[in-house]
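Have a look at the structure below before the remarks.
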Amino acid sequence: MYGDEATVRKILTGLGDTWAVVGLSSNRQRAAYGVAQVLRRFGKRVVPVHPKAETVHGERGYASLADIPFEVDVVDVFVNSGLAGAVADEAVAKGAGAVWFQLGVVDEAAYERTRAAGLEMVMDRCPAIEIPRLG
């Protein structure tokens, strides 16, 4: 498992409340949309990152992490594993504190690079499942 309970707790409660959700669009049928709703319910600012740069949940979207003109605490990744490593590298370049790969998203090399750069990281887990369990 990539991301022990202490790391999950640190990311969800200790690293800040601005989450860039890569892959979040206005499509209500996609998992990212529902997860973003849960994160917002728990006080997180959710910034959509998607090529369409759509406004979602009232928050302006951006086409890439680099386009976001403010600091991001956590980058939540809803792209397939083949693309996720590049997003993790962008998160490092952006200066994020953590990267979270969603359920089914695994890239061991990206995990090693991201951790070596000093960021916290979780893979193959969902914050919408984890955050309610924290109490």
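Please note that chains go A, B, ... in the order of the structure tokens, that every chain numbers its residues from 1, and that ligands are numbered from 1 in the order shown.
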
Who sits within 9 Å of A:Lys44, only C-alpha atoms, same chain under 5 positions skipped, as a VMD selection string: chain A and resid 16 to 19 36 38 to 39

Could the residues in this selection be written to a file with C-alpha atoms, as a compact mmCIF listing (two decimals), in the first residue's frame?
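Output (result-v9.txt):
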# COMPACT_ATOMS: atom_id res chain seq x y z
CA GLY A 16 -3.81 22.81 3.91
CA ASP A 17 -7.21 23.06 2.32
CA THR A 18 -6.58 23.98 -1.33
CA TRP A 19 -6.92 20.89 -3.51
CA ALA A 36 -14.98 17.05 -5.19
CA VAL A 38 -17.24 15.44 -0.53
CA LEU A 39 -13.98 17.38 -0.22

Please tabulate, as a tab-separated table, the residues of stretch 20-59 of chain A that come within 12 Å of stretch 82-96 of chain A, each with its closest pair of atoms and the distance in Å to one decimal, counting only C-alpha atoms and ordering rows by chain, then residue number upward.
residue	atom	partner	partner_atom	distance
A:Ala20	CA	A:Ala96	CA	9.4
A:Val21	CA	A:Val87	CA	10.7
A:Val22	CA	A:Val87	CA	8.0
A:Gly23	CA	A:Val87	CA	10.4
A:Val49	CA	A:Val87	CA	10.7
A:His50	CA	A:Val87	CA	11.6

For all heavy atoms, I'd like the residues from the last selection saved as a tab-separated table (two decimals), in the first residue's frame.
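Output (selection_2.tsv):
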chain	number	residue	atom	x	y	z
A	20	ALA	N	-6.16	20.90	-5.81
A	20	ALA	CA	-6.32	20.93	-7.27
A	20	ALA	C	-6.72	19.51	-7.67
A	20	ALA	O	-6.00	18.56	-7.37
A	20	ALA	CB	-5.03	21.34	-7.95
A	21	VAL	N	-7.87	19.38	-8.32
A	21	VAL	CA	-8.36	18.06	-8.72
A	21	VAL	C	-8.19	17.94	-10.23
A	21	VAL	O	-8.94	18.52	-11.01
A	21	VAL	CB	-9.81	17.83	-8.28
A	21	VAL	CG1	-10.29	16.45	-8.72
A	21	VAL	CG2	-9.93	17.97	-6.75
A	22	VAL	N	-7.17	17.18	-10.62
A	22	VAL	CA	-6.83	17.01	-12.03
A	22	VAL	C	-7.76	15.97	-12.64
A	22	VAL	O	-7.81	14.84	-12.19
A	22	VAL	CB	-5.35	16.61	-12.20
A	22	VAL	CG1	-5.03	16.40	-13.67
A	22	VAL	CG2	-4.44	17.65	-11.57
A	23	GLY	N	-8.50	16.41	-13.66
A	23	GLY	CA	-9.49	15.55	-14.29
A	23	GLY	C	-10.91	15.92	-13.91
A	23	GLY	O	-11.87	15.31	-14.38
A	49	VAL	N	-8.94	21.12	-12.52
A	49	VAL	CA	-7.88	21.17	-13.52
A	49	VAL	C	-8.27	20.19	-14.62
A	49	VAL	O	-8.36	18.98	-14.39
A	49	VAL	CB	-6.51	20.80	-12.93
A	49	VAL	CG1	-5.43	20.85	-14.00
A	49	VAL	CG2	-6.16	21.72	-11.76
A	50	HIS	N	-8.54	20.74	-15.79
A	50	HIS	CA	-9.05	19.94	-16.90
A	50	HIS	C	-8.77	20.73	-18.18
A	50	HIS	O	-8.83	21.97	-18.16
A	50	HIS	CB	-10.56	19.72	-16.72
A	50	HIS	CG	-11.15	18.74	-17.65
A	50	HIS	ND1	-11.49	19.05	-18.94
A	50	HIS	CD2	-11.47	17.43	-17.48
A	50	HIS	CE1	-12.00	17.99	-19.53
A	50	HIS	NE2	-11.99	16.99	-18.66

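Distance check against A:Gly43 using only C-alpha atoms: of A:Val74, A:Met123, A:Leu65, A:Leu12, the minimum falls on A:Leu12.
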
DSSP-assigned strand (DSSP E) members of chain A, reported as a count of residues only: 21

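Take the candidates A:Ala6, A:His57, A:Tyr62, A:Ser25 and check each one against A:Gln37 using only C-alpha atoms; the shortest distance goes to A:His57.
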
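One finds atom CA of A:Phe70 at 26.0 Å from atom CA of A:Val105.
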
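Reported to one decimal place, the separation of atom CA of A:Arg40 from atom CA of A:Ile131 is 11.2 Å.
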
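In this structure, atom CA of A:Ala109 sits 19.6 Å away from atom CA of A:Val8.
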
Which residues come within 12 Å of A:Gly34, counting only C-alpha atoms, excluding same-chain residues fewer than 6 positions away, as a PDB file with all heavy atoms, in the first residue's frame?
ATOM      1  N   VAL A  21      -7.871  19.375  -8.316  1.00  0.00           N
ATOM      2  CA  VAL A  21      -8.357  18.058  -8.722  1.00  0.00           C
ATOM      3  C   VAL A  21      -8.186  17.935 -10.234  1.00  0.00           C
ATOM      4  O   VAL A  21      -8.944  18.519 -11.010  1.00  0.00           O
ATOM      5  CB  VAL A  21      -9.812  17.832  -8.280  1.00  0.00           C
ATOM      6  CG1 VAL A  21     -10.287  16.449  -8.717  1.00  0.00           C
ATOM      7  CG2 VAL A  21      -9.930  17.974  -6.752  1.00  0.00           C
ATOM      8  N   LEU A  24     -11.074  16.946 -13.075  1.00  0.00           N
ATOM      9  CA  LEU A  24     -12.407  17.375 -12.642  1.00  0.00           C
ATOM     10  C   LEU A  24     -13.054  18.242 -13.718  1.00  0.00           C
ATOM     11  O   LEU A  24     -12.506  19.272 -14.108  1.00  0.00           O
ATOM     12  CB  LEU A  24     -12.313  18.160 -11.331  1.00  0.00           C
ATOM     13  CG  LEU A  24     -13.614  18.778 -10.798  1.00  0.00           C
ATOM     14  CD1 LEU A  24     -14.687  17.723 -10.578  1.00  0.00           C
ATOM     15  CD2 LEU A  24     -13.324  19.547  -9.515  1.00  0.00           C
ATOM     16  N   SER A  25     -14.221  17.793 -14.168  1.00  0.00           N
ATOM     17  CA  SER A  25     -15.007  18.565 -15.130  1.00  0.00           C
ATOM     18  C   SER A  25     -16.423  18.707 -14.584  1.00  0.00           C
ATOM     19  O   SER A  25     -16.732  18.246 -13.486  1.00  0.00           O
ATOM     20  CB  SER A  25     -15.034  17.850 -16.486  1.00  0.00           C
ATOM     21  OG  SER A  25     -15.847  16.684 -16.415  1.00  0.00           O
ATOM     22  N   SER A  26     -17.285  19.318 -15.352  1.00  0.00           N
ATOM     23  CA  SER A  26     -18.672  19.506 -14.934  1.00  0.00           C
ATOM     24  C   SER A  26     -19.534  18.266 -15.181  1.00  0.00           C
ATOM     25  O   SER A  26     -20.739  18.290 -14.922  1.00  0.00           O
ATOM     26  CB  SER A  26     -19.281  20.718 -15.647  1.00  0.00           C
ATOM     27  OG  SER A  26     -19.264  20.503 -17.045  1.00  0.00           O
ATOM     28  N   ASN A  27     -18.945  17.177 -15.635  1.00  0.00           N
ATOM     29  CA  ASN A  27     -19.673  15.935 -15.875  1.00  0.00           C
ATOM     30  C   ASN A  27     -20.014  15.287 -14.534  1.00  0.00           C
ATOM     31  O   ASN A  27     -19.161  14.718 -13.858  1.00  0.00           O
ATOM     32  CB  ASN A  27     -18.834  14.988 -16.734  1.00  0.00           C
ATOM     33  CG  ASN A  27     -19.555  13.703 -17.077  1.00  0.00           C
ATOM     34  OD1 ASN A  27     -20.560  13.342 -16.469  1.00  0.00           O
ATOM     35  ND2 ASN A  27     -19.034  13.004 -18.070  1.00  0.00           N
ATOM     36  N   ARG A  28     -21.279  15.336 -14.165  1.00  0.00           N
ATOM     37  CA  ARG A  28     -21.733  14.826 -12.874  1.00  0.00           C
ATOM     38  C   ARG A  28     -21.640  13.301 -12.770  1.00  0.00           C
ATOM     39  O   ARG A  28     -21.728  12.755 -11.674  1.00  0.00           O
ATOM     40  CB  ARG A  28     -23.173  15.266 -12.616  1.00  0.00           C
ATOM     41  CG  ARG A  28     -23.310  16.753 -12.462  1.00  0.00           C
ATOM     42  CD  ARG A  28     -24.789  17.160 -12.425  1.00  0.00           C
ATOM     43  NE  ARG A  28     -24.914  18.600 -12.361  1.00  0.00           N
ATOM     44  CZ  ARG A  28     -25.184  19.265 -11.251  1.00  0.00           C
ATOM     45  NH1 ARG A  28     -25.348  18.614 -10.115  1.00  0.00           N
ATOM     46  NH2 ARG A  28     -25.283  20.574 -11.261  1.00  0.00           N
ATOM     47  N   ARG A  40     -15.361  19.338  -0.617  1.00  0.00           N
ATOM     48  CA  ARG A  40     -15.933  20.652  -0.288  1.00  0.00           C
ATOM     49  C   ARG A  40     -16.747  20.589   1.003  1.00  0.00           C
ATOM     50  O   ARG A  40     -16.677  21.499   1.826  1.00  0.00           O
ATOM     51  CB  ARG A  40     -16.800  21.165  -1.440  1.00  0.00           C
ATOM     52  CG  ARG A  40     -15.978  21.629  -2.638  1.00  0.00           C
ATOM     53  CD  ARG A  40     -16.845  21.973  -3.835  1.00  0.00           C
ATOM     54  NE  ARG A  40     -18.057  22.673  -3.495  1.00  0.00           N
ATOM     55  CZ  ARG A  40     -18.173  24.010  -3.393  1.00  0.00           C
ATOM     56  NH1 ARG A  40     -17.137  24.766  -3.616  1.00  0.00           N
ATOM     57  NH2 ARG A  40     -19.335  24.556  -3.079  1.00  0.00           N
ATOM     58  N   ARG A  41     -17.503  19.516   1.182  1.00  0.00           N
ATOM     59  CA  ARG A  41     -18.310  19.358   2.392  1.00  0.00           C
ATOM     60  C   ARG A  41     -17.425  19.328   3.640  1.00  0.00           C
ATOM     61  O   ARG A  41     -17.833  19.738   4.714  1.00  0.00           O
ATOM     62  CB  ARG A  41     -19.149  18.084   2.279  1.00  0.00           C
ATOM     63  CG  ARG A  41     -20.299  18.032   3.240  1.00  0.00           C
ATOM     64  CD  ARG A  41     -21.363  16.999   2.901  1.00  0.00           C
ATOM     65  NE  ARG A  41     -20.869  15.674   2.630  1.00  0.00           N
ATOM     66  CZ  ARG A  41     -20.996  15.043   1.463  1.00  0.00           C
ATOM     67  NH1 ARG A  41     -21.581  15.627   0.436  1.00  0.00           N
ATOM     68  NH2 ARG A  41     -20.517  13.830   1.298  1.00  0.00           N
ATOM     69  N   VAL A  46     -11.761  23.299  -3.706  1.00  0.00           N
ATOM     70  CA  VAL A  46     -11.491  22.365  -4.796  1.00  0.00           C
ATOM     71  C   VAL A  46     -11.345  23.153  -6.097  1.00  0.00           C
ATOM     72  O   VAL A  46     -12.289  23.814  -6.546  1.00  0.00           O
ATOM     73  CB  VAL A  46     -12.620  21.324  -4.918  1.00  0.00           C
ATOM     74  CG1 VAL A  46     -12.393  20.431  -6.115  1.00  0.00           C
ATOM     75  CG2 VAL A  46     -12.713  20.494  -3.635  1.00  0.00           C
ATOM     76  N   VAL A  56     -16.433  24.490 -11.945  1.00  0.00           N
ATOM     77  CA  VAL A  56     -17.125  23.362 -11.321  1.00  0.00           C
ATOM     78  C   VAL A  56     -17.337  23.691  -9.849  1.00  0.00           C
ATOM     79  O   VAL A  56     -16.415  24.174  -9.186  1.00  0.00           O
ATOM     80  CB  VAL A  56     -16.306  22.058 -11.463  1.00  0.00           C
ATOM     81  CG1 VAL A  56     -17.068  20.878 -10.859  1.00  0.00           C
ATOM     82  CG2 VAL A  56     -15.944  21.777 -12.921  1.00  0.00           C
ATOM     83  N   HIS A  57     -18.533  23.431  -9.357  1.00  0.00           N
ATOM     84  CA  HIS A  57     -18.865  23.722  -7.959  1.00  0.00           C
ATOM     85  C   HIS A  57     -18.562  25.181  -7.616  1.00  0.00           C
ATOM     86  O   HIS A  57     -18.116  25.500  -6.511  1.00  0.00           O
ATOM     87  CB  HIS A  57     -18.125  22.793  -6.994  1.00  0.00           C
ATOM     88  CG  HIS A  57     -18.417  21.339  -7.173  1.00  0.00           C
ATOM     89  ND1 HIS A  57     -19.682  20.814  -7.082  1.00  0.00           N
ATOM     90  CD2 HIS A  57     -17.604  20.285  -7.443  1.00  0.00           C
ATOM     91  CE1 HIS A  57     -19.635  19.496  -7.286  1.00  0.00           C
ATOM     92  NE2 HIS A  57     -18.393  19.155  -7.504  1.00  0.00           N
ATOM     93  N   PHE A  78      -7.075  12.333 -11.022  1.00  0.00           N
ATOM     94  CA  PHE A  78      -8.110  11.492 -11.615  1.00  0.00           C
ATOM     95  C   PHE A  78      -7.813  11.246 -13.087  1.00  0.00           C
ATOM     96  O   PHE A  78      -8.687  11.420 -13.926  1.00  0.00           O
ATOM     97  CB  PHE A  78      -9.478  12.179 -11.519  1.00  0.00           C
ATOM     98  CG  PHE A  78     -10.197  11.965 -10.238  1.00  0.00           C
ATOM     99  CD1 PHE A  78     -10.082  12.890  -9.224  1.00  0.00           C
ATOM    100  CD2 PHE A  78     -10.999  10.861 -10.049  1.00  0.00           C
ATOM    101  CE1 PHE A  78     -10.769  12.721  -8.029  1.00  0.00           C
ATOM    102  CE2 PHE A  78     -11.681  10.676  -8.860  1.00  0.00           C
ATOM    103  CZ  PHE A  78     -11.571  11.599  -7.863  1.00  0.00           C
ATOM    104  N   CYS A 126      -8.991   6.755  -2.065  1.00  0.00           N
ATOM    105  CA  CYS A 126      -9.913   7.847  -2.363  1.00  0.00           C
ATOM    106  C   CYS A 126     -10.122   8.718  -1.126  1.00  0.00           C
ATOM    107  O   CYS A 126     -10.539   8.210  -0.083  1.00  0.00           O
ATOM    108  CB  CYS A 126     -11.246   7.286  -2.842  1.00  0.00           C
ATOM    109  SG  CYS A 126     -12.443   8.585  -3.209  1.00  0.00           S
ATOM    110  N   PRO A 127      -9.866  10.029  -1.233  1.00  0.00           N
ATOM    111  CA  PRO A 127     -10.048  10.893  -0.074  1.00  0.00           C
ATOM    112  C   PRO A 127     -11.507  10.965   0.385  1.00  0.00           C
ATOM    113  O   PRO A 127     -11.773  11.173   1.561  1.00  0.00           O
ATOM    114  CB  PRO A 127      -9.544  12.255  -0.542  1.00  0.00           C
ATOM    115  CG  PRO A 127      -9.653  12.218  -2.023  1.00  0.00           C
ATOM    116  CD  PRO A 127      -9.410  10.780  -2.407  1.00  0.00           C
ATOM    117  N   ALA A 128     -12.448  10.766  -0.527  1.00  0.00           N
ATOM    118  CA  ALA A 128     -13.862  10.809  -0.147  1.00  0.00           C
ATOM    119  C   ALA A 128     -14.245   9.610   0.724  1.00  0.00           C
ATOM    120  O   ALA A 128     -15.203   9.676   1.486  1.00  0.00           O
ATOM    121  CB  ALA A 128     -14.752  10.859  -1.385  1.00  0.00           C
ATOM    122  N   ILE A 129     -13.490   8.533   0.635  1.00  0.00           N
ATOM    123  CA  ILE A 129     -13.679   7.375   1.507  1.00  0.00           C
ATOM    124  C   ILE A 129     -12.927   7.591   2.821  1.00  0.00           C
ATOM    125  O   ILE A 129     -13.428   7.275   3.902  1.00  0.00           O
ATOM    126  CB  ILE A 129     -13.189   6.087   0.819  1.00  0.00           C
ATOM    127  CG1 ILE A 129     -14.070   5.769  -0.395  1.00  0.00           C
ATOM    128  CG2 ILE A 129     -13.155   4.914   1.801  1.00  0.00           C
ATOM    129  CD1 ILE A 129     -13.518   4.656  -1.286  1.00  0.00           C
TER     130      ILE A 129
END

Picked from stretch 28-125 of chain A by DSSP as helix (DSSP H, G or I), as a ChimeraX atom specification: /A:31-41,65-67,81-94,108-116
